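Worksheet: one structure, shown below.
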2 protein chains.
Amino acid sequence: MRALYASGMRLGTLRDGTRDGKLVVVASSGDRAVSAASVAPTLQFALDTWERARPGLEELAARLATDPAFGEPLDAAELLAPLPRAYEWVDGSAYPNHVRLVRRARGAEPPADLLTNPLVYQGGSSVLLAPTAPLVLPDAAWGLDFEAEVAVILGDVKEGTRASEAESAVRLVLIANDVTYRELVPAELAKGFGFFQAKPATAFSPFAVTPDELGNAWHDGRVFMRLRSTLNGEVLGDVETGPEMHFSFFDLVGHIAKTRAFAPGTILGSGTVSNAARERGVSCLVERRALETIERGAPATAYLKSGDRLRIELFDESGRSPCGAIEQVVTNATL
Amino acid sequence: MRALYASGMRLGTLRDGTRDGKLVVVASSGDRAVSAASVAPTLQFALDTWERARPGLEELAARLATDPAFGEPLDAAELLAPLPRAYEWVDGSAYPNHVRLVRRARGAEPPADLLTNPLVYQGGSSVLLAPTAPLVLPDAAWGLDFEAEVAVILGDVKEGTRASEAESAVRLVLIANDVTYRELVPAELAKGFGFFQAKPATAFSPFAVTPDELGNAWHDGRVFMRLRSTLNGEVLGDVETGPEMHFSFFDLVGHIAKTRAFAPGTILGSGTVSNAARERGVSCLVERRALETIERGAPATAYLKSGDRLRIELFDESGRSPCGAIEQVVTNATL
């Protein structure tokens, strides 16, 4: 039997003044890392040359695991998104409970084929936010909300790839905050072309990890872990990411590849993680507002405001946090 | 007065086995080019470092213009899209005549704010097609159509950039074939999240040119030229790109930057170029089908089929074609 965390690795991207940052391999403690420059200067380069790059990265990971003196201390504030810019960011909506609640909240019906036809949207990807980047809110009336999600980074995907062929395309797992301006959503969707202005830049976790770094928590194209979202210290949600992910990442790959191919570095999101059991809480504020509306006739929870501190983190059974935490503060200052 | 074509340049990307190809500066004849490796190995690199790269590229362009022995013969079949992968592909719909006709064809109303609120959608950008790439049609029932467009490639765009500040962000002009599976559009739009599966990979012209390469044909954030679309030798459309572009590229930049920033290499499309004067013809088949439906009650023109040869080219008053031609053949063979 394969040992947990035996051959997995964590990758991160350090700020170095360039647009793509500098790739590092990170120890499982999360506080020590070594430059991957000898193998791949950037994560995009590693993904572009994965078969060649992977053994060298694994060697660095193995040395970090066995030699506590190897590498340098890692400052979380210096980490960018694993891919500070990506060639695609495609976000699914794989948790039916989220779709049902959000649609109910805006008085819309869920699609009739909700359980057979995945919903996905194409997001912007030339500017992706660091895990500690401030959430700048130019206008409080836009209704700033977070969406805590699991995501994968893909290798090459040929057009026509089926779900049954998708496993080998999944390179890395990470978490995302798919930021949304809720009050801009209705007008954008009414135009018929998607969310455009309602979706500012998305933030990602400090680390992107190989699926085997998750051990038994990765199977069937899903991550079986707990995603905890905390606002100003209050736990808003502590949800199961596995059981209610109706469409797996493999299903989502099969869906998006129907009519085109994808190059390495495509980030594919799960959509907001959502559990039917209300005691699990929520992974975005609009769900809580929807529940309040259902229970009391009106929402009581406000959207995010300047000064709010948000934290999103993915934990396994033993309390490990392989992807690290997204920690963002809302500000209305222009940066 | 500034001389036409005095300081402009044409850039192209040659196939070299890498994912990004190799940047070349192209003579105004279009049949001779010189490697830009001494300045920038790829177009993305040139865009990332534009202020530093531009003088060196201009020097190569000037030498090509004055020394007929400088450079190498250019084989159009070896050209990839100027950006074979891009960090964003955002497509507008700036010609109201197109929106009105297409909506009428599918029995939908144009948006009430069509003339004040630009329509844009986020397209896939990790795989962009060469100007001579075959259009692979896996299923004839999907209704393959072309859309001939003008597009620009942007430099850095800050969040909140206004239309009045957008001119300096426009780096290059090119043309696009925004391929669409018409029969997949209604079901995708009904899901509410955009065109996703209805938009396979987009193709681009061989050359991307600096706005000053267009001389007086570039002003007010618009290209004032003629865009000719030919199918199997028949001219389908020969439309004016300038006067009916209701939203300029500057307006579109101001629109998309409302809630986020864009990194260099973002490609921004005009949407299908469309003129109200019917004798100008069309830049996509669905418009022709819409006109046939209006005039005779039913469409007579079929969508593209295997073996069809498509050509899209942008001409100035003197018959020059600065961006070169998109020339694609439809095939139902899997490549």
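Residue numbering restarts at 1 for every chain of the structure tokens, chains are lettered A, B, ... in their displayed order, and ligands are numbered from 1 as they appear.
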Interface, chain B side, toward chain A (7 Å; only C-alpha atoms) as a ChimeraX atom specification: /B:85-88,111,120-127,189,191-197,200-201,256,258-263
Print the selection's residues with C-alpha atoms to a file, as a PDB file, in the first residue's frame.
```pdb
ATOM      1  CA  ARG B  85      -1.551  31.070 -26.553  1.00  0.00           C
ATOM      2  CA  ALA B  86      -2.652  34.217 -24.772  1.00  0.00           C
ATOM      3  CA  TYR B  87      -3.504  35.103 -21.187  1.00  0.00           C
ATOM      4  CA  GLU B  88      -6.912  36.438 -22.192  1.00  0.00           C
ATOM      5  CA  PRO B 111     -30.678  44.197 -25.254  1.00  0.00           C
ATOM      6  CA  VAL B 120     -18.367  41.208 -24.242  1.00  0.00           C
ATOM      7  CA  TYR B 121     -17.625  37.584 -23.550  1.00  0.00           C
ATOM      8  CA  GLN B 122     -14.558  35.853 -22.175  1.00  0.00           C
ATOM      9  CA  GLY B 123     -13.177  33.301 -24.637  1.00  0.00           C
ATOM     10  CA  GLY B 124     -10.725  30.447 -24.230  1.00  0.00           C
ATOM     11  CA  SER B 125      -7.139  31.418 -24.956  1.00  0.00           C
ATOM     12  CA  SER B 126      -4.709  28.592 -24.180  1.00  0.00           C
ATOM     13  CA  VAL B 127      -4.903  27.217 -27.714  1.00  0.00           C
ATOM     14  CA  LEU B 189     -26.782  30.611 -23.576  1.00  0.00           C
ATOM     15  CA  LYS B 191     -27.618  27.831 -19.164  1.00  0.00           C
ATOM     16  CA  GLY B 192     -26.832  31.456 -18.406  1.00  0.00           C
ATOM     17  CA  PHE B 193     -23.028  31.325 -18.109  1.00  0.00           C
ATOM     18  CA  GLY B 194     -21.958  32.214 -21.658  1.00  0.00           C
ATOM     19  CA  PHE B 195     -21.009  30.493 -24.904  1.00  0.00           C
ATOM     20  CA  PHE B 196     -18.590  27.927 -23.530  1.00  0.00           C
ATOM     21  CA  GLN B 197     -18.923  24.800 -25.710  1.00  0.00           C
ATOM     22  CA  PRO B 200     -14.022  26.329 -30.302  1.00  0.00           C
ATOM     23  CA  ALA B 201     -10.521  27.764 -30.721  1.00  0.00           C
ATOM     24  CA  ILE B 256     -13.674  45.421 -19.407  1.00  0.00           C
ATOM     25  CA  LYS B 258     -14.217  48.318 -14.700  1.00  0.00           C
ATOM     26  CA  THR B 259     -13.611  45.540 -12.175  1.00  0.00           C
ATOM     27  CA  ARG B 260     -10.194  44.067 -12.965  1.00  0.00           C
ATOM     28  CA  ALA B 261      -6.757  44.555 -14.495  1.00  0.00           C
ATOM     29  CA  PHE B 262      -5.298  42.889 -17.578  1.00  0.00           C
ATOM     30  CA  ALA B 263      -1.737  41.775 -18.272  1.00  0.00           C
TER      31      ALA B 263
END
```
If you count only C-alpha atoms, which residues fall within 10 Å of range 288-290 of chain B, apart from same-chain ones fewer than 4 positions away, as a PyMOL selection string? chain B and resi 100-106+236-237+278+281-284+294-303
Please indicate the distance in Å from CA of Val235 in chain B to CA of Pro82 in chain B, rounded to one decimal place. 25.7 Å
From a backbone DSSP assignment, name each residue in range 202-284 of chain B labelled helix (DSSP H, G or I), as a list in words.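 Those in range 202-284 of chain B that DSSP calls helix (DSSP H, G or I) are Pro211, Asp212, Glu213, Leu214, Gly215, Asn216, Ala217, Phe249, Phe250, Asp251, Leu252, Val253, Gly254, His255, Ile256, Arg278, Glu279 and Arg280 of chain B.
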Could you name the residues that touch Tyr95 in chain B at 7 Å or less, counting only C-alpha atoms, but leaving out those on the same chain fewer than 6 positions away, as a list in words? Glu244, Met245, His246, Gly271, Thr272, Val273 and Ser274 of chain B
Close residues, Pro68 in chain A itself excluded, 12 Å, only C-alpha atoms, min 3 positions apart in chain, as a PyMOL selection string: chain A and resi 27-29+31-34+61-65+71-73
Taking C-alpha atoms for each residue, export the selection above as a CSV table (one decimal), in the first residue's frame.
```
chain,number,residue,atom,x,y,z
A,27,ALA,CA,8.5,21.3,2.6
A,28,SER,CA,5.4,19.6,4.0
A,29,SER,CA,5.7,21.8,7.1
A,31,ASP,CA,7.6,27.0,6.3
A,32,ARG,CA,10.7,25.9,4.3
A,33,ALA,CA,11.3,25.9,0.6
A,34,VAL,CA,14.0,25.5,-2.0
A,61,ALA,CA,10.9,17.5,-2.4
A,62,ALA,CA,12.5,14.3,-1.2
A,63,ARG,CA,15.6,16.2,0.0
A,64,LEU,CA,13.4,18.7,1.8
A,65,ALA,CA,11.6,15.8,3.5
A,71,GLY,CA,16.2,25.0,1.8
A,72,GLU,CA,15.4,28.4,3.2
A,73,PRO,CA,12.7,29.7,5.5
```
Identify all residues of range 36-250 of chain A in strand (DSSP E or B) (DSSP on the backbone) and supply them as a PyMOL selection string. chain A and resi 72-73+79-80+89-92+120-123+129+135-136+144-145+148-154+157+170-177+180-181+203-204+208-209+218-219+222-223+226-231+234-240
Using only C-alpha atoms, which of A:Ser164, A:Phe45, A:Asn216, A:Asp308 sits nearest Ser248 in chain A?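 The answer is A:Ser164, which sits nearest to Ser248 in chain A.
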Which neighbours of Arg311 in chain A fall inside 6 Å, counting only C-alpha atoms, when residues of the same chain fewer than 6 positions from it are skipped, and could you give them as a PyMOL selection string? chain A and resi 229-230+326-327
Take the residues just selected and output them with N, CA, C and O atoms as a JSON list (two decimals), in the first residue's frame.
```
[["chain", "number", "residue", "atom", "x", "y", "z"],
["A", 229, "SER", "N", -13.98, 28.18, 5.90],
["A", 229, "SER", "CA", -13.99, 29.62, 5.58],
["A", 229, "SER", "C", -14.29, 30.39, 6.84],
["A", 229, "SER", "O", -15.28, 30.13, 7.53],
["A", 230, "THR", "N", -13.44, 31.35, 7.13],
["A", 230, "THR", "CA", -13.55, 32.12, 8.37],
["A", 230, "THR", "C", -13.58, 33.60, 8.04],
["A", 230, "THR", "O", -12.77, 34.07, 7.23],
["A", 326, "ILE", "N", -5.59, 30.83, 2.17],
["A", 326, "ILE", "CA", -5.87, 32.12, 1.53],
["A", 326, "ILE", "C", -6.27, 33.07, 2.66],
["A", 326, "ILE", "O", -7.18, 32.76, 3.44],
["A", 327, "GLU", "N", -5.58, 34.18, 2.79],
["A", 327, "GLU", "CA", -5.86, 35.14, 3.87],
["A", 327, "GLU", "C", -5.91, 36.53, 3.27],
["A", 327, "GLU", "O", -4.87, 37.10, 2.94]]
```
